[in-house]
Amino acid sequence: MKHNKLNVGFIGAGFIGQIAHIENFAKLNNCNMYALAEMRPELRAKVGQRYNFSKTYQQHEEMLTDPNLDAVVVVVPRPYTADIVMDCIKAGKHVLSEKPMAGNFQRGMELVKAAERYGVHYCVGYMKRYDDGVIQAKKMLDDVLSSRTIGNILNVRAYCYMGESYCNAGGHEITQEQVNYNVKQGAIAPEHFPEDESLIFARYVNVYSHLTNLLQYFFDKRPSVEFFKYLRKDAHICVLNYDDYLATIETGEASNRNWDEGVEIQFEHGKIVVELPPALLRHMPAKVTLYKAGQQQEVIQPLVNWTWAFANQAQAFVNDIIENKPSIIDAKYALEDLKRIEEFWEHKC
């Protein structure tokens with residue numbers, strides 16, 4: 001970096017691009033809203049003016065030629081993400097993209113290797129690792145594992161049945177323009193998958209890889225896949241083997257008004273429960289509860305600050321680049337999720 005602030009560019013200014021990313025980066029003292037690439041002219045003008053972007057572009061390729069641009073946030077439809085991220089990496093720009101990083105492990109590995117070759121930070125937006133409740137749960141888990149105060153883990157249950165995640169979010173710029181992507185879509189699944197299976201796989205990775213990513217964060221060890229099955233496209237069960245205990249991942253799509261997602265870690269003499277909030281519920285961290293068995297059960301609910309995972313992620317991305325520190329959402333973790341979910345399908349019953 002040649003300046004005190006990180007010059008950040010954004011590719012895509014749709015709903016999620018504005019609400020989850022642009023809005024949060026714009027509040028950072030060490031971030032300069034430097035450039036915006038958006039194919040819709042009216043939307044580009046509105047968002048560019050609202051957030052005082054120094055430069056705006058229709059095509060991202062032109063934006064990437066600017067030597068003063070340090071980093072790029074990519075929020076485009078999933079089939080286009082991997083190719084655009086690769087363009088950013090080859091241009092020598094640090095990158096944060098939405099998940100999934102790619103449609104399959106092979107393409108994801110190409111991106112990770114390219115980032116290493118070009119010497120850039122490449123991060124994938126598993127923002128729940130920055131949820132202050134999740135961070136508190138990780139500390140609590142590490143403590144009880146080292147102290148053994150509630151015994152050994154018996155099993156783990158991770159679940160997500162979706163629900164309403166947008167929380168009536170609004171205030172973003174809207175136009176009636178349509179986007180015509182005149183480039184080929186990238187793969188949304190391993191190349192050998194049939195079309196109907198590819199769609200189910202892509203949906204699973206897009207929504208439920210948050211759970212595989214959180215299990216990776218909590219336990220930092222690679223399980224084997226024991227079982228994976230779905231009888232219908234919107235309900236799935238997976239069993240993972242961590243050697244000393246099993247973990248189930250229950251996933252599906254239900255029409256709940258509230259968001260229904262969490263992780264429960266059952267011990268011999270207690271458990272840790274993590275209840276995850278809807279993604280776009282501002283300033284609402286995960287709720288964490290530790291239960292300790294005894295003649296009188298002890299229930300501990302740590303006080304967690306009113307913070308938002310997306311805002312924490314934006315700040316951490318900028319800080320890590322400025323300070324040249326490793327990121328807890330480095331693409332290597334996202335690559336592990338792709339590999340793991342492809343293994344689910346290999347064990348499909």
# chains A, B, ... in the order shown; residues from 1 in each chain; ligands from 1
call {"tool": "residues_around", "arguments": {"residues": "region 273-290 of chain A", "least_positions_apart": "2", "cutoff": "8 Å", "atoms": "only C-alpha atoms", "output": "PDB file with C-alpha atoms, in the first residue's frame"}}
result
ATOM      1  CA  ALA A  20     -24.212  -6.167   3.518  1.00  0.00           C
ATOM      2  CA  ASP A 131     -20.178 -12.803  14.806  1.00  0.00           C
ATOM      3  CA  ASP A 132     -19.243 -11.774  18.354  1.00  0.00           C
ATOM      4  CA  GLY A 133     -21.509 -14.486  19.771  1.00  0.00           C
ATOM      5  CA  VAL A 134     -19.773 -17.125  17.646  1.00  0.00           C
ATOM      6  CA  GLN A 136     -17.533 -16.049  22.400  1.00  0.00           C
ATOM      7  CA  ALA A 137     -18.770 -19.604  21.784  1.00  0.00           C
ATOM      8  CA  GLU A 164     -36.728 -15.156   6.728  1.00  0.00           C
ATOM      9  CA  SER A 165     -33.179 -13.768   6.680  1.00  0.00           C
ATOM     10  CA  TYR A 166     -33.715 -10.354   5.053  1.00  0.00           C
ATOM     11  CA  CYS A 167     -35.486  -8.882   8.123  1.00  0.00           C
ATOM     12  CA  ALA A 169     -33.942  -4.631   5.239  1.00  0.00           C
ATOM     13  CA  ASN A 258     -37.761 -16.528  12.069  1.00  0.00           C
ATOM     14  CA  TRP A 259     -34.338 -17.793  11.024  1.00  0.00           C
ATOM     15  CA  ASP A 260     -33.715 -21.318  12.331  1.00  0.00           C
ATOM     16  CA  GLU A 261     -29.991 -22.129  12.466  1.00  0.00           C
ATOM     17  CA  GLY A 262     -27.579 -23.166  15.171  1.00  0.00           C
ATOM     18  CA  VAL A 263     -24.999 -25.517  16.638  1.00  0.00           C
ATOM     19  CA  GLU A 264     -25.425 -27.650  19.760  1.00  0.00           C
ATOM     20  CA  ILE A 265     -22.407 -29.354  21.340  1.00  0.00           C
ATOM     21  CA  GLY A 270     -23.410 -30.137  29.974  1.00  0.00           C
ATOM     22  CA  LYS A 271     -23.685 -28.548  26.563  1.00  0.00           C
ATOM     23  CA  LYS A 292     -23.299 -27.188  33.370  1.00  0.00           C
ATOM     24  CA  VAL A 299     -26.765 -21.796  33.036  1.00  0.00           C
ATOM     25  CA  ILE A 300     -24.310 -19.241  31.693  1.00  0.00           C
ATOM     26  CA  GLN A 301     -25.222 -16.741  28.971  1.00  0.00           C
ATOM     27  CA  PRO A 302     -22.314 -14.368  28.329  1.00  0.00           C
ATOM     28  CA  VAL A 304     -22.234 -10.123  23.922  1.00  0.00           C
ATOM     29  CA  ASN A 305     -21.987  -6.651  22.395  1.00  0.00           C
ATOM     30  CA  TRP A 306     -24.647  -5.495  19.952  1.00  0.00           C
ATOM     31  CA  THR A 307     -22.613  -5.941  16.787  1.00  0.00           C
ATOM     32  CA  TRP A 308     -23.195  -7.144  13.228  1.00  0.00           C
ATOM     33  CA  ALA A 309     -21.088  -9.874  11.623  1.00  0.00           C
TER      34      ALA A 309
END
call {"tool": "closest_atom_pairs", "arguments": {"of": "region 19-105 of chain A", "to": "region 5-13 of chain A", "cutoff": "7 Å", "atoms": "only C-alpha atoms", "output": "JSON lines"}}
result
{"residue": "A:Asn30", "atom": "CA", "partner": "A:Lys5", "partner_atom": "CA", "distance": 4.7}
{"residue": "A:Cys31", "atom": "CA", "partner": "A:Leu6", "partner_atom": "CA", "distance": 4.9}
{"residue": "A:Asn32", "atom": "CA", "partner": "A:Asn7", "partner_atom": "CA", "distance": 4.9}
{"residue": "A:Met33", "atom": "CA", "partner": "A:Val8", "partner_atom": "CA", "distance": 5.6}
{"residue": "A:Tyr34", "atom": "CA", "partner": "A:Asn7", "partner_atom": "CA", "distance": 5.3}
{"residue": "A:Ala35", "atom": "CA", "partner": "A:Gly9", "partner_atom": "CA", "distance": 4.3}
{"residue": "A:Leu36", "atom": "CA", "partner": "A:Phe10", "partner_atom": "CA", "distance": 4.9}
{"residue": "A:Ala37", "atom": "CA", "partner": "A:Ile11", "partner_atom": "CA", "distance": 4.8}
{"residue": "A:Glu38", "atom": "CA", "partner": "A:Gly12", "partner_atom": "CA", "distance": 5.2}
{"residue": "A:His60", "atom": "CA", "partner": "A:Ile11", "partner_atom": "CA", "distance": 6.5}
{"residue": "A:Leu69", "atom": "CA", "partner": "A:Asn7", "partner_atom": "CA", "distance": 5.3}
{"residue": "A:Asp70", "atom": "CA", "partner": "A:Asn7", "partner_atom": "CA", "distance": 5.2}
{"residue": "A:Ala71", "atom": "CA", "partner": "A:Val8", "partner_atom": "CA", "distance": 4.9}
{"residue": "A:Val72", "atom": "CA", "partner": "A:Gly9", "partner_atom": "CA", "distance": 4.6}
{"residue": "A:Val73", "atom": "CA", "partner": "A:Phe10", "partner_atom": "CA", "distance": 4.8}
{"residue": "A:Val74", "atom": "CA", "partner": "A:Ile11", "partner_atom": "CA", "distance": 4.9}
{"residue": "A:Val75", "atom": "CA", "partner": "A:Gly12", "partner_atom": "CA", "distance": 5.2}
{"residue": "A:Val76", "atom": "CA", "partner": "A:Gly12", "partner_atom": "CA", "distance": 5.5}
call {"tool": "residues_around", "arguments": {"residues": "Met39 (chain A)", "least_positions_apart": "5", "cutoff": "7 Å", "atoms": "only C-alpha atoms", "output": "PyMOL selection string"}}
result
chain A and resi 58-59+179
call {"tool": "select_by_dssp", "arguments": {"residues": "region 121-179 of chain A", "states": "strand (DSSP E or B)", "output": "list of chain:residue names"}}
result
A:Tyr122, A:Cys123, A:Val124, A:Ile153, A:Leu154, A:Asn155, A:Val156, A:Arg157, A:Ala158, A:Tyr159, A:Cys160
call {"tool": "atom_distance", "arguments": {"atom1": "CA of Ala235 (chain A)", "atom2": "CA of Ile19 (chain A)"}}
result
29.0 Å
call {"tool": "select_by_dssp", "arguments": {"residues": "region 68-207 of chain A", "states": "alpha helix (DSSP H)", "output": "MDAnalysis selection string"}}
result
chainID A and resid 78:90 105:118 132:147 195:207
call {"tool": "write_last_selection", "arguments": {"atoms": "C-alpha atoms", "output": "short mmCIF file (atom, residue, chain, number, x, y, z; two decimals), in the first residue's frame"}}
result
data_model
loop_
_atom_site.label_atom_id
_atom_site.label_comp_id
_atom_site.auth_asym_id
_atom_site.auth_seq_id
_atom_site.Cartn_x
_atom_site.Cartn_y
_atom_site.Cartn_z
CA ARG A 78 -22.84 -16.96 -8.04
CA PRO A 79 -22.07 -18.44 -11.49
CA TYR A 80 -19.93 -15.38 -12.32
CA THR A 81 -18.06 -15.06 -9.03
CA ALA A 82 -15.07 -17.32 -9.70
CA ASP A 83 -14.14 -15.80 -13.07
CA ILE A 84 -14.38 -12.23 -11.78
CA VAL A 85 -12.34 -13.10 -8.67
CA MET A 86 -9.68 -14.59 -10.93
CA ASP A 87 -9.60 -11.32 -12.91
CA CYS A 88 -9.03 -9.41 -9.65
CA ILE A 89 -6.28 -11.75 -8.49
CA LYS A 90 -4.44 -11.55 -11.82
CA PHE A 105 -13.36 -27.76 -5.57
CA GLN A 106 -11.22 -27.82 -8.72
CA ARG A 107 -12.10 -24.25 -9.65
CA GLY A 108 -11.73 -23.11 -6.05
CA MET A 109 -8.25 -24.62 -5.87
CA GLU A 110 -7.26 -22.71 -9.02
CA LEU A 111 -8.28 -19.47 -7.31
CA VAL A 112 -6.38 -20.24 -4.10
CA LYS A 113 -3.23 -21.14 -6.02
CA ALA A 114 -3.53 -17.99 -8.14
CA ALA A 115 -3.82 -15.83 -5.00
CA GLU A 116 -0.64 -17.42 -3.65
CA ARG A 117 1.15 -16.90 -6.96
CA TYR A 118 0.17 -13.23 -7.24
CA ASP A 132 -19.24 -11.77 18.35
CA GLY A 133 -21.51 -14.49 19.77
CA VAL A 134 -19.77 -17.12 17.65
CA ILE A 135 -16.38 -15.83 18.78
CA GLN A 136 -17.53 -16.05 22.40
CA ALA A 137 -18.77 -19.60 21.78
CA LYS A 138 -15.38 -20.58 20.35
CA LYS A 139 -13.60 -19.25 23.45
CA MET A 140 -16.07 -21.05 25.70
CA LEU A 141 -15.62 -24.30 23.77
CA ASP A 142 -11.83 -24.10 23.91
CA ASP A 143 -12.02 -23.46 27.65
CA VAL A 144 -14.24 -26.44 28.51
CA LEU A 145 -12.22 -28.71 26.22
CA SER A 146 -8.96 -27.78 27.94
CA SER A 147 -10.35 -27.76 31.49
CA GLU A 195 -28.22 -30.94 -14.27
CA ASP A 196 -30.84 -31.70 -11.61
CA GLU A 197 -28.17 -32.76 -9.13
CA SER A 198 -26.05 -29.71 -9.96
CA LEU A 199 -28.88 -27.40 -8.94
CA ILE A 200 -29.33 -29.16 -5.59
CA PHE A 201 -25.57 -29.14 -4.97
CA ALA A 202 -25.30 -25.43 -5.81
CA ARG A 203 -28.16 -24.57 -3.48
CA TYR A 204 -26.63 -26.64 -0.68
CA VAL A 205 -23.21 -24.99 -1.00
CA ASN A 206 -24.71 -21.51 -1.18
CA VAL A 207 -26.88 -21.82 1.93
#
call {"tool": "atom_distance", "arguments": {"atom1": "CA of Tyr230 (chain A)", "atom2": "CA of Ala331 (chain A)"}}
result
28.0 Å
call {"tool": "closest_residue", "arguments": {"among": "A:Lys339, A:His236, A:Lys27, A:His121", "to": "Val95 (chain A)", "atoms": "only C-alpha atoms"}}
result
A:His121
call {"tool": "closest_residue", "arguments": {"among": "A:Pro223, A:Gln315, A:Ile322, A:Asp244", "to": "Tyr130 (chain A)", "atoms": "only C-alpha atoms"}}
result
A:Gln315
call {"tool": "closest_residue", "arguments": {"among": "A:Glu173, A:Glu42, A:Glu61, A:Asp330", "to": "Ile22 (chain A)", "atoms": "only C-alpha atoms"}}
result
A:Glu173
call {"tool": "atom_distance", "arguments": {"atom1": "CA of Gln216 (chain A)", "atom2": "CA of Ile328 (chain A)"}}
result
11.2 Å
call {"tool": "decode", "arguments": {"residues": "region 177-205 of chain A", "atoms": "C-alpha atoms", "output": "short mmCIF file (atom, residue, chain, number, x, y, z; two decimals), in the first residue's frame"}}
result
data_model
loop_
_atom_site.label_atom_id
_atom_site.label_comp_id
_atom_site.auth_asym_id
_atom_site.auth_seq_id
_atom_site.Cartn_x
_atom_site.Cartn_y
_atom_site.Cartn_z
CA GLU A 177 -32.93 -1.99 -14.92
CA GLN A 178 -32.12 -5.51 -16.02
CA VAL A 179 -28.57 -6.87 -16.18
CA ASN A 180 -27.45 -8.63 -19.33
CA TYR A 181 -24.36 -10.66 -18.46
CA ASN A 182 -22.77 -11.22 -21.85
CA VAL A 183 -20.20 -13.71 -20.56
CA LYS A 184 -20.38 -17.46 -20.07
CA GLN A 185 -21.56 -18.67 -16.68
CA GLY A 186 -19.11 -20.68 -14.60
CA ALA A 187 -19.77 -24.18 -13.32
CA ILE A 188 -22.15 -24.44 -10.36
CA ALA A 189 -21.14 -28.02 -9.46
CA PRO A 190 -18.56 -30.66 -10.34
CA GLU A 191 -18.54 -31.11 -14.11
CA HIS A 192 -19.76 -34.74 -14.02
CA PHE A 193 -22.94 -33.94 -12.08
CA PRO A 194 -26.26 -34.20 -14.01
CA GLU A 195 -28.22 -30.94 -14.27
CA ASP A 196 -30.84 -31.70 -11.61
CA GLU A 197 -28.17 -32.76 -9.13
CA SER A 198 -26.05 -29.71 -9.96
CA LEU A 199 -28.88 -27.40 -8.94
CA ILE A 200 -29.33 -29.16 -5.59
CA PHE A 201 -25.57 -29.14 -4.97
CA ALA A 202 -25.30 -25.43 -5.81
CA ARG A 203 -28.16 -24.57 -3.48
CA TYR A 204 -26.63 -26.64 -0.68
CA VAL A 205 -23.21 -24.99 -1.00
#
